[in-house]
file run27.pdb (PDB, C-alpha atoms)
ATOM      1  CA  MET A   1     -72.375  16.220 156.762  1.00  0.00           C
ATOM      2  CA  LYS A   2     -73.109  13.386 154.325  1.00  0.00           C
ATOM      3  CA  LYS A   3     -71.649  15.485 151.488  1.00  0.00           C
ATOM      4  CA  ILE A   4     -68.422  16.043 153.441  1.00  0.00           C
ATOM      5  CA  VAL A   5     -68.029  12.326 154.198  1.00  0.00           C
ATOM      6  CA  LEU A   6     -68.714  11.454 150.550  1.00  0.00           C
ATOM      7  CA  PHE A   7     -66.195  14.100 149.395  1.00  0.00           C
ATOM      8  CA  VAL A   8     -63.506  12.807 151.778  1.00  0.00           C
ATOM      9  CA  ALA A   9     -64.122   9.206 150.680  1.00  0.00           C
ATOM     10  CA  SER A  10     -63.868  10.251 147.017  1.00  0.00           C
ATOM     11  CA  ALA A  11     -60.645  12.154 147.663  1.00  0.00           C
ATOM     12  CA  VAL A  12     -59.078   9.174 149.449  1.00  0.00           C
ATOM     13  CA  ALA A  13     -60.068   6.857 146.585  1.00  0.00           C
ATOM     14  CA  ALA A  14     -58.597   9.274 144.032  1.00  0.00           C
ATOM     15  CA  LEU A  15     -55.313   9.546 145.954  1.00  0.00           C
ATOM     16  CA  SER A  16     -54.989   5.781 146.212  1.00  0.00           C
ATOM     17  CA  MET A  17     -55.503   5.457 142.459  1.00  0.00           C
ATOM     18  CA  VAL A  18     -52.793   8.060 141.817  1.00  0.00           C
ATOM     19  CA  SER A  19     -50.325   6.269 144.106  1.00  0.00           C
ATOM     20  CA  CYS A  20     -51.003   2.968 142.309  1.00  0.00           C
ATOM     21  CA  ALA A  21     -49.994   4.598 139.014  1.00  0.00           C
ATOM     22  CA  GLU A  22     -46.698   5.922 140.369  1.00  0.00           C
ATOM     23  CA  SER A  23     -43.594   4.478 138.786  1.00  0.00           C
ATOM     24  CA  PRO A  24     -41.536   2.209 141.033  1.00  0.00           C
ATOM     25  CA  GLU A  25     -38.027   3.466 141.760  1.00  0.00           C
ATOM     26  CA  VAL A  26     -35.818   1.598 139.291  1.00  0.00           C
ATOM     27  CA  ALA A  27     -32.824   3.952 139.235  1.00  0.00           C
ATOM     28  CA  GLY A  28     -29.647   2.295 140.463  1.00  0.00           C
ATOM     29  CA  ASP A  29     -27.984  -1.105 140.343  1.00  0.00           C
ATOM     30  CA  TRP A  30     -29.952  -4.361 140.514  1.00  0.00           C
ATOM     31  CA  LYS A  31     -28.712  -7.942 140.809  1.00  0.00           C
ATOM     32  CA  VAL A  32     -30.777 -10.495 138.878  1.00  0.00           C
ATOM     33  CA  VAL A  33     -31.733 -13.233 141.349  1.00  0.00           C
ATOM     34  CA  LYS A  34     -34.455 -15.081 139.409  1.00  0.00           C
ATOM     35  CA  ILE A  35     -35.338 -15.528 135.770  1.00  0.00           C
ATOM     36  CA  GLY A  36     -38.650 -17.200 134.989  1.00  0.00           C
ATOM     37  CA  GLY A  37     -39.037 -18.194 138.632  1.00  0.00           C
ATOM     38  CA  GLU A  38     -35.712 -20.048 138.717  1.00  0.00           C
ATOM     39  CA  SER A  39     -32.816 -18.888 140.894  1.00  0.00           C
ATOM     40  CA  VAL A  40     -29.863 -17.598 138.891  1.00  0.00           C
ATOM     41  CA  GLU A  41     -26.654 -19.592 139.299  1.00  0.00           C
ATOM     42  CA  PHE A  42     -23.530 -18.385 137.537  1.00  0.00           C
ATOM     43  CA  MET A  43     -19.871 -19.257 137.368  1.00  0.00           C
ATOM     44  CA  GLU A  44     -18.211 -15.938 136.498  1.00  0.00           C
ATOM     45  CA  ASP A  45     -20.083 -12.599 136.589  1.00  0.00           C
ATOM     46  CA  ALA A  46     -23.418 -12.111 138.337  1.00  0.00           C
ATOM     47  CA  PRO A  47     -26.123 -10.839 135.953  1.00  0.00           C
ATOM     48  CA  PHE A  48     -27.260  -7.300 136.763  1.00  0.00           C
ATOM     49  CA  LEU A  49     -29.082  -4.278 135.394  1.00  0.00           C
ATOM     50  CA  SER A  50     -28.276  -0.657 136.132  1.00  0.00           C
ATOM     51  CA  PHE A  51     -30.835   2.070 135.362  1.00  0.00           C
ATOM     52  CA  ASP A  52     -29.578   5.660 134.924  1.00  0.00           C
ATOM     53  CA  ALA A  53     -32.701   7.813 135.362  1.00  0.00           C
ATOM     54  CA  ALA A  54     -30.979  11.069 134.400  1.00  0.00           C
ATOM     55  CA  GLN A  55     -29.871   9.682 131.029  1.00  0.00           C
ATOM     56  CA  GLY A  56     -32.700   7.200 130.459  1.00  0.00           C
ATOM     57  CA  ARG A  57     -30.073   4.505 129.910  1.00  0.00           C
ATOM     58  CA  VAL A  58     -29.877   0.895 131.003  1.00  0.00           C
ATOM     59  CA  HIS A  59     -26.613  -1.026 131.301  1.00  0.00           C
ATOM     60  CA  GLY A  60     -25.957  -4.516 132.574  1.00  0.00           C
ATOM     61  CA  ASN A  61     -24.341  -7.883 132.347  1.00  0.00           C
ATOM     62  CA  THR A  62     -26.021 -11.110 131.269  1.00  0.00           C
ATOM     63  CA  GLY A  63     -23.532 -13.247 133.163  1.00  0.00           C
ATOM     64  CA  VAL A  64     -21.292 -13.379 130.085  1.00  0.00           C
ATOM     65  CA  ASN A  65     -21.913 -10.303 127.924  1.00  0.00           C
ATOM     66  CA  ILE A  66     -22.534  -6.620 128.500  1.00  0.00           C
ATOM     67  CA  ILE A  67     -25.863  -5.076 127.498  1.00  0.00           C
ATOM     68  CA  ASN A  68     -26.695  -1.433 126.852  1.00  0.00           C
ATOM     69  CA  GLY A  69     -29.755   0.456 125.733  1.00  0.00           C
ATOM     70  CA  SER A  70     -32.333   3.038 126.720  1.00  0.00           C
ATOM     71  CA  TYR A  71     -35.496   2.885 128.754  1.00  0.00           C
ATOM     72  CA  THR A  72     -38.613   4.855 129.540  1.00  0.00           C
ATOM     73  CA  ILE A  73     -41.008   4.292 132.390  1.00  0.00           C
ATOM     74  CA  ASP A  74     -44.597   5.489 132.613  1.00  0.00           C
ATOM     75  CA  GLY A  75     -46.404   4.287 135.701  1.00  0.00           C
ATOM     76  CA  HIS A  76     -45.727   0.569 135.726  1.00  0.00           C
ATOM     77  CA  LYS A  77     -45.019   0.391 131.976  1.00  0.00           C
ATOM     78  CA  LEU A  78     -41.313  -0.182 131.309  1.00  0.00           C
ATOM     79  CA  HIS A  79     -40.056   0.150 127.734  1.00  0.00           C
ATOM     80  CA  LEU A  80     -36.551  -1.154 127.003  1.00  0.00           C
ATOM     81  CA  ILE A  81     -35.291   0.327 123.746  1.00  0.00           C
ATOM     82  CA  GLY A  82     -32.409  -0.646 121.482  1.00  0.00           C
ATOM     83  CA  ILE A  83     -30.938  -3.271 123.784  1.00  0.00           C
ATOM     84  CA  GLY A  84     -27.628  -4.457 122.339  1.00  0.00           C
ATOM     85  CA  THR A  85     -25.061  -6.932 123.636  1.00  0.00           C
ATOM     86  CA  THR A  86     -21.455  -7.820 123.170  1.00  0.00           C
ATOM     87  CA  MET A  87     -20.956 -11.288 121.691  1.00  0.00           C
ATOM     88  CA  MET A  88     -18.391 -13.137 123.788  1.00  0.00           C
ATOM     89  CA  ALA A  89     -18.558 -16.820 124.681  1.00  0.00           C
ATOM     90  CA  GLY A  90     -18.418 -18.145 128.214  1.00  0.00           C
ATOM     91  CA  PRO A  91     -18.915 -21.324 130.235  1.00  0.00           C
ATOM     92  CA  GLU A  92     -21.897 -23.365 129.039  1.00  0.00           C
ATOM     93  CA  GLN A  93     -23.832 -22.875 132.301  1.00  0.00           C
ATOM     94  CA  ASP A  94     -23.430 -19.091 132.079  1.00  0.00           C
ATOM     95  CA  MET A  95     -24.411 -19.090 128.392  1.00  0.00           C
ATOM     96  CA  GLN A  96     -27.658 -20.873 129.332  1.00  0.00           C
ATOM     97  CA  VAL A  97     -28.380 -18.217 131.969  1.00  0.00           C
ATOM     98  CA  GLU A  98     -27.599 -15.541 129.372  1.00  0.00           C
ATOM     99  CA  GLN A  99     -30.093 -17.008 126.898  1.00  0.00           C
ATOM    100  CA  LYS A 100     -32.829 -16.974 129.562  1.00  0.00           C
ATOM    101  CA  PHE A 101     -31.831 -13.409 130.533  1.00  0.00           C
ATOM    102  CA  LEU A 102     -31.975 -12.121 126.940  1.00  0.00           C
ATOM    103  CA  SER A 103     -35.266 -13.875 126.233  1.00  0.00           C
ATOM    104  CA  ALA A 104     -36.801 -12.375 129.372  1.00  0.00           C
ATOM    105  CA  ILE A 105     -35.410  -8.855 128.884  1.00  0.00           C
ATOM    106  CA  ASN A 106     -36.835  -8.709 125.361  1.00  0.00           C
ATOM    107  CA  ASP A 107     -40.336  -9.489 126.680  1.00  0.00           C
ATOM    108  CA  VAL A 108     -40.450  -7.005 129.588  1.00  0.00           C
ATOM    109  CA  THR A 109     -43.418  -4.624 129.542  1.00  0.00           C
ATOM    110  CA  THR A 110     -44.164  -3.955 133.207  1.00  0.00           C
ATOM    111  CA  VAL A 111     -42.216  -3.277 136.399  1.00  0.00           C
ATOM    112  CA  LYS A 112     -43.524  -3.452 139.938  1.00  0.00           C
ATOM    113  CA  GLY A 113     -41.707  -2.490 143.097  1.00  0.00           C
ATOM    114  CA  SER A 114     -41.583  -4.720 146.118  1.00  0.00           C
ATOM    115  CA  GLY A 115     -40.257  -2.377 148.775  1.00  0.00           C
ATOM    116  CA  ASN A 116     -37.152  -0.308 148.111  1.00  0.00           C
ATOM    117  CA  ASP A 117     -34.901  -3.302 147.557  1.00  0.00           C
ATOM    118  CA  LYS A 118     -36.715  -5.471 144.993  1.00  0.00           C
ATOM    119  CA  ILE A 119     -38.286  -4.994 141.574  1.00  0.00           C
ATOM    120  CA  LEU A 120     -40.236  -7.518 139.538  1.00  0.00           C
ATOM    121  CA  LEU A 121     -40.289  -7.450 135.721  1.00  0.00           C
ATOM    122  CA  TYR A 122     -43.343  -8.848 133.935  1.00  0.00           C
ATOM    123  CA  GLY A 123     -44.207  -9.704 130.331  1.00  0.00           C
ATOM    124  CA  LYS A 124     -47.234  -8.554 128.339  1.00  0.00           C
ATOM    125  CA  ASP A 125     -49.254 -11.599 129.397  1.00  0.00           C
ATOM    126  CA  GLY A 126     -48.588 -10.820 133.066  1.00  0.00           C
ATOM    127  CA  ASN A 127     -46.065 -13.586 133.688  1.00  0.00           C
ATOM    128  CA  LEU A 128     -43.161 -12.839 136.040  1.00  0.00           C
ATOM    129  CA  LEU A 129     -39.972 -12.758 133.957  1.00  0.00           C
ATOM    130  CA  MET A 130     -37.266 -11.518 136.349  1.00  0.00           C
ATOM    131  CA  GLU A 131     -36.743 -10.708 139.989  1.00  0.00           C
ATOM    132  CA  LEU A 132     -34.025  -8.200 140.894  1.00  0.00           C
ATOM    133  CA  VAL A 133     -32.672  -7.002 144.225  1.00  0.00           C
ATOM    134  CA  ARG A 134     -30.826  -3.763 144.841  1.00  0.00           C
ATOM    135  CA  LYS A 135     -27.026  -4.167 144.875  1.00  0.00           C
TER     136      LYS A 135
END
call {"tool": "encode", "arguments": {"input": "run27.pdb", "output": "structure tokens"}}
result
Amino acid sequence: MKKIVLFVASAVAALSMVSCAESPEVAGDWKVVKIGGESVEFMEDAPFLSFDAAQGRVHGNTGVNIINGSYTIDGHKLHLIGIGTTMMAGPEQDMQVEQKFLSAINDVTTVKGSGNDKILLYGKDGNLLMELVRK
């Protein structure tokens, strides 16, 4: 009996470790609501990211410019690859948001899900860089 209880406890622990390593669902469109803990305020276009899981592509808007690139996800590790932007100018307030966006996006290493409608992007030192909600 003790062996069965120990086996069941070990199996439950192993399953919980596997579920912790599962990748959060990032596919789809996400509105950027916070960068570096500050709420995003914009004058023209709302910053967003869109992840295409089938193509491994990421597309978005910084509030002023369009971004494109590729991504891979392995567990909670998110790798953004070859991120490029257009180079248009916009209102000063939106350009400031864009600079924060680009700085944060270049430092992303980890993604964590918070339910089905929110993802959190973290840097290599564990600091929260961006908060996104599903569009």
call {"tool": "atom_distance", "arguments": {"input": "run27.pdb", "atom1": "atom CA of A:Gly63", "atom2": "atom CA of A:Gln93"}}
result
9.7 Å
call {"tool": "resolve_selection", "arguments": {"input": "run27.pdb", "expression": "the PyMOL selection byres ((chain A and resi 53) around 12)", "output": "tab-separated table (two decimals) with C-alpha atoms, keeping the file's coordinate frame"}}
result
chain	number	residue	atom	x	y	z
A	23	SER	CA	-43.59	4.48	138.79
A	24	PRO	CA	-41.54	2.21	141.03
A	25	GLU	CA	-38.03	3.47	141.76
A	26	VAL	CA	-35.82	1.60	139.29
A	27	ALA	CA	-32.82	3.95	139.24
A	28	GLY	CA	-29.65	2.30	140.46
A	29	ASP	CA	-27.98	-1.10	140.34
A	50	SER	CA	-28.28	-0.66	136.13
A	51	PHE	CA	-30.84	2.07	135.36
A	52	ASP	CA	-29.58	5.66	134.92
A	54	ALA	CA	-30.98	11.07	134.40
A	55	GLN	CA	-29.87	9.68	131.03
A	56	GLY	CA	-32.70	7.20	130.46
A	57	ARG	CA	-30.07	4.50	129.91
A	58	VAL	CA	-29.88	0.90	131.00
A	59	HIS	CA	-26.61	-1.03	131.30
A	70	SER	CA	-32.33	3.04	126.72
A	71	TYR	CA	-35.50	2.88	128.75
A	72	THR	CA	-38.61	4.86	129.54
A	73	ILE	CA	-41.01	4.29	132.39
call {"tool": "residues_around", "arguments": {"input": "run27.pdb", "residues": "A:Leu78", "least_positions_apart": "2", "cutoff": "8 Å", "atoms": "all atoms listed in the file", "output": "list in words"}}
result
Tyr71, Thr72, Ile73, Asp74, His76, Leu80, Val108, Thr109, Thr110 and Val111 of chain A
call {"tool": "closest_residue", "arguments": {"input": "run27.pdb", "among": "A:Ile81, A:Val133, A:Phe42, A:Asp94", "to": "A:Ile119", "atoms": "only C-alpha atoms"}}
result
A:Val133
call {"tool": "closest_residue", "arguments": {"input": "run27.pdb", "among": "A:Gly75, A:Gly123, A:Gly60, A:Gly37", "to": "A:Glu98", "atoms": "only C-alpha atoms"}}
result
A:Gly60
call {"tool": "closest_residue", "arguments": {"input": "run27.pdb", "among": "A:Lys135, A:Leu102, A:Gly84, A:Val97", "to": "A:Ser39", "atoms": "all atoms listed in the file"}}
result
A:Val97
call {"tool": "atom_distance", "arguments": {"input": "run27.pdb", "atom1": "atom CA of A:Gly115", "atom2": "atom CA of A:Arg134"}}
result
10.3 Å
call {"tool": "residues_around", "arguments": {"input": "run27.pdb", "residues": "A:Leu129", "least_positions_apart": "5", "cutoff": "6 Å", "atoms": "all atoms listed in the file", "output": "ChimeraX atom specification"}}
result
/A:35-36,104,121-122
call {"tool": "atom_distance", "arguments": {"input": "run27.pdb", "atom1": "atom CA of A:Val32", "atom2": "atom CA of A:Asp107"}}
result
15.5 Å
call {"tool": "residues_near_point", "arguments": {"input": "run27.pdb", "point": "(-30.8, -8.6, 138.2)", "cutoff": "6 Å", "atoms": "only C-alpha atoms", "output": "ChimeraX atom specification"}}
result
/A:30-33,47-49,132
call {"tool": "closest_residue", "arguments": {"input": "run27.pdb", "among": "A:Asn68, A:Lys100, A:Asp117, A:Thr62", "to": "A:Ile83", "atoms": "all atoms listed in the file"}}
result
A:Asn68
call {"tool": "axis_aligned_box", "arguments": {"input": "run27.pdb", "around": "stretch 87-105 of chain A", "padding_each_side": "3 Å", "output": "JSON"}}
result
{"center_x": -27.6, "center_y": -16.1, "center_z": 127.0, "size_x": 24.4, "size_y": 20.5, "size_z": 16.6}
call {"tool": "resolve_selection", "arguments": {"input": "run27.pdb", "expression": "the PyMOL selection byres ((chain A and resi 65) around 7)", "output": "list in words"}}
result
Asn61, Thr62, Gly63, Val64, Ile66, Ile67, Thr85, Thr86, Met87 and Met88 of chain A
call {"tool": "decode", "arguments": {"input": "run27.pdb", "residues": "stretch 69-89 of chain A", "atoms": "N, CA and C atoms", "output": "PDB file, in the first residue's frame"}}
result
ATOM      1  N   GLY A  69       8.973  40.137 -37.525  1.00  0.00           N
ATOM      2  CA  GLY A  69      10.078  39.247 -37.226  1.00  0.00           C
ATOM      3  C   GLY A  69       9.575  37.833 -37.049  1.00  0.00           C
ATOM      4  N   SER A  70      10.413  37.006 -36.457  1.00  0.00           N
ATOM      5  CA  SER A  70      10.074  35.612 -36.193  1.00  0.00           C
ATOM      6  C   SER A  70      10.159  35.372 -34.692  1.00  0.00           C
ATOM      7  N   TYR A  71       9.587  34.244 -34.277  1.00  0.00           N
ATOM      8  CA  TYR A  71       9.713  33.868 -32.878  1.00  0.00           C
ATOM      9  C   TYR A  71       9.709  32.356 -32.734  1.00  0.00           C
ATOM     10  N   THR A  72      10.311  31.902 -31.652  1.00  0.00           N
ATOM     11  CA  THR A  72      10.197  30.515 -31.224  1.00  0.00           C
ATOM     12  C   THR A  72       9.847  30.543 -29.750  1.00  0.00           C
ATOM     13  N   ILE A  73       9.176  29.494 -29.315  1.00  0.00           N
ATOM     14  CA  ILE A  73       8.815  29.387 -27.909  1.00  0.00           C
ATOM     15  C   ILE A  73       9.102  27.955 -27.469  1.00  0.00           C
ATOM     16  N   ASP A  74       9.758  27.844 -26.321  1.00  0.00           N
ATOM     17  CA  ASP A  74      10.098  26.539 -25.762  1.00  0.00           C
ATOM     18  C   ASP A  74       9.839  26.618 -24.268  1.00  0.00           C
ATOM     19  N   GLY A  75       8.722  26.048 -23.845  1.00  0.00           N
ATOM     20  CA  GLY A  75       8.311  26.216 -22.452  1.00  0.00           C
ATOM     21  C   GLY A  75       7.957  27.673 -22.248  1.00  0.00           C
ATOM     22  N   HIS A  76       8.641  28.303 -21.317  1.00  0.00           N
ATOM     23  CA  HIS A  76       8.404  29.726 -21.055  1.00  0.00           C
ATOM     24  C   HIS A  76       9.444  30.614 -21.744  1.00  0.00           C
ATOM     25  N   LYS A  77      10.386  30.007 -22.453  1.00  0.00           N
ATOM     26  CA  LYS A  77      11.426  30.776 -23.142  1.00  0.00           C
ATOM     27  C   LYS A  77      10.886  31.272 -24.481  1.00  0.00           C
ATOM     28  N   LEU A  78      10.879  32.583 -24.659  1.00  0.00           N
ATOM     29  CA  LEU A  78      10.413  33.212 -25.889  1.00  0.00           C
ATOM     30  C   LEU A  78      11.605  33.884 -26.554  1.00  0.00           C
ATOM     31  N   HIS A  79      11.870  33.501 -27.801  1.00  0.00           N
ATOM     32  CA  HIS A  79      12.977  34.075 -28.564  1.00  0.00           C
ATOM     33  C   HIS A  79      12.389  34.870 -29.724  1.00  0.00           C
ATOM     34  N   LEU A  80      12.620  36.173 -29.726  1.00  0.00           N
ATOM     35  CA  LEU A  80      12.194  37.045 -30.818  1.00  0.00           C
ATOM     36  C   LEU A  80      13.400  37.244 -31.725  1.00  0.00           C
ATOM     37  N   ILE A  81      13.219  36.960 -33.007  1.00  0.00           N
ATOM     38  CA  ILE A  81      14.345  36.882 -33.938  1.00  0.00           C
ATOM     39  C   ILE A  81      14.136  37.858 -35.092  1.00  0.00           C
ATOM     40  N   GLY A  82      15.178  38.614 -35.402  1.00  0.00           N
ATOM     41  CA  GLY A  82      15.163  39.481 -36.577  1.00  0.00           C
ATOM     42  C   GLY A  82      14.058  40.513 -36.563  1.00  0.00           C
ATOM     43  N   ILE A  83      13.813  41.114 -35.415  1.00  0.00           N
ATOM     44  CA  ILE A  83      12.758  42.123 -35.318  1.00  0.00           C
ATOM     45  C   ILE A  83      13.207  43.379 -36.061  1.00  0.00           C
ATOM     46  N   GLY A  84      12.406  43.792 -37.039  1.00  0.00           N
ATOM     47  CA  GLY A  84      12.682  44.999 -37.803  1.00  0.00           C
ATOM     48  C   GLY A  84      11.487  45.933 -37.752  1.00  0.00           C
ATOM     49  N   THR A  85      11.737  47.219 -37.935  1.00  0.00           N
ATOM     50  CA  THR A  85      10.657  48.206 -37.876  1.00  0.00           C
ATOM     51  C   THR A  85      10.717  49.139 -39.077  1.00  0.00           C
ATOM     52  N   THR A  86       9.560  49.714 -39.374  1.00  0.00           N
ATOM     53  CA  THR A  86       9.546  50.833 -40.300  1.00  0.00           C
ATOM     54  C   THR A  86      10.130  52.030 -39.545  1.00  0.00           C
ATOM     55  N   MET A  87      10.358  53.134 -40.219  1.00  0.00           N
ATOM     56  CA  MET A  87      11.023  54.259 -39.561  1.00  0.00           C
ATOM     57  C   MET A  87      10.280  55.571 -39.806  1.00  0.00           C
ATOM     58  N   MET A  88       9.009  55.593 -39.453  1.00  0.00           N
ATOM     59  CA  MET A  88       8.219  56.815 -39.597  1.00  0.00           C
ATOM     60  C   MET A  88       8.270  57.604 -38.288  1.00  0.00           C
ATOM     61  N   ALA A  89       8.003  58.889 -38.389  1.00  0.00           N
ATOM     62  CA  ALA A  89       7.918  59.748 -37.210  1.00  0.00           C
ATOM     63  C   ALA A  89       6.456  59.902 -36.818  1.00  0.00           C
TER      64      ALA A  89
END
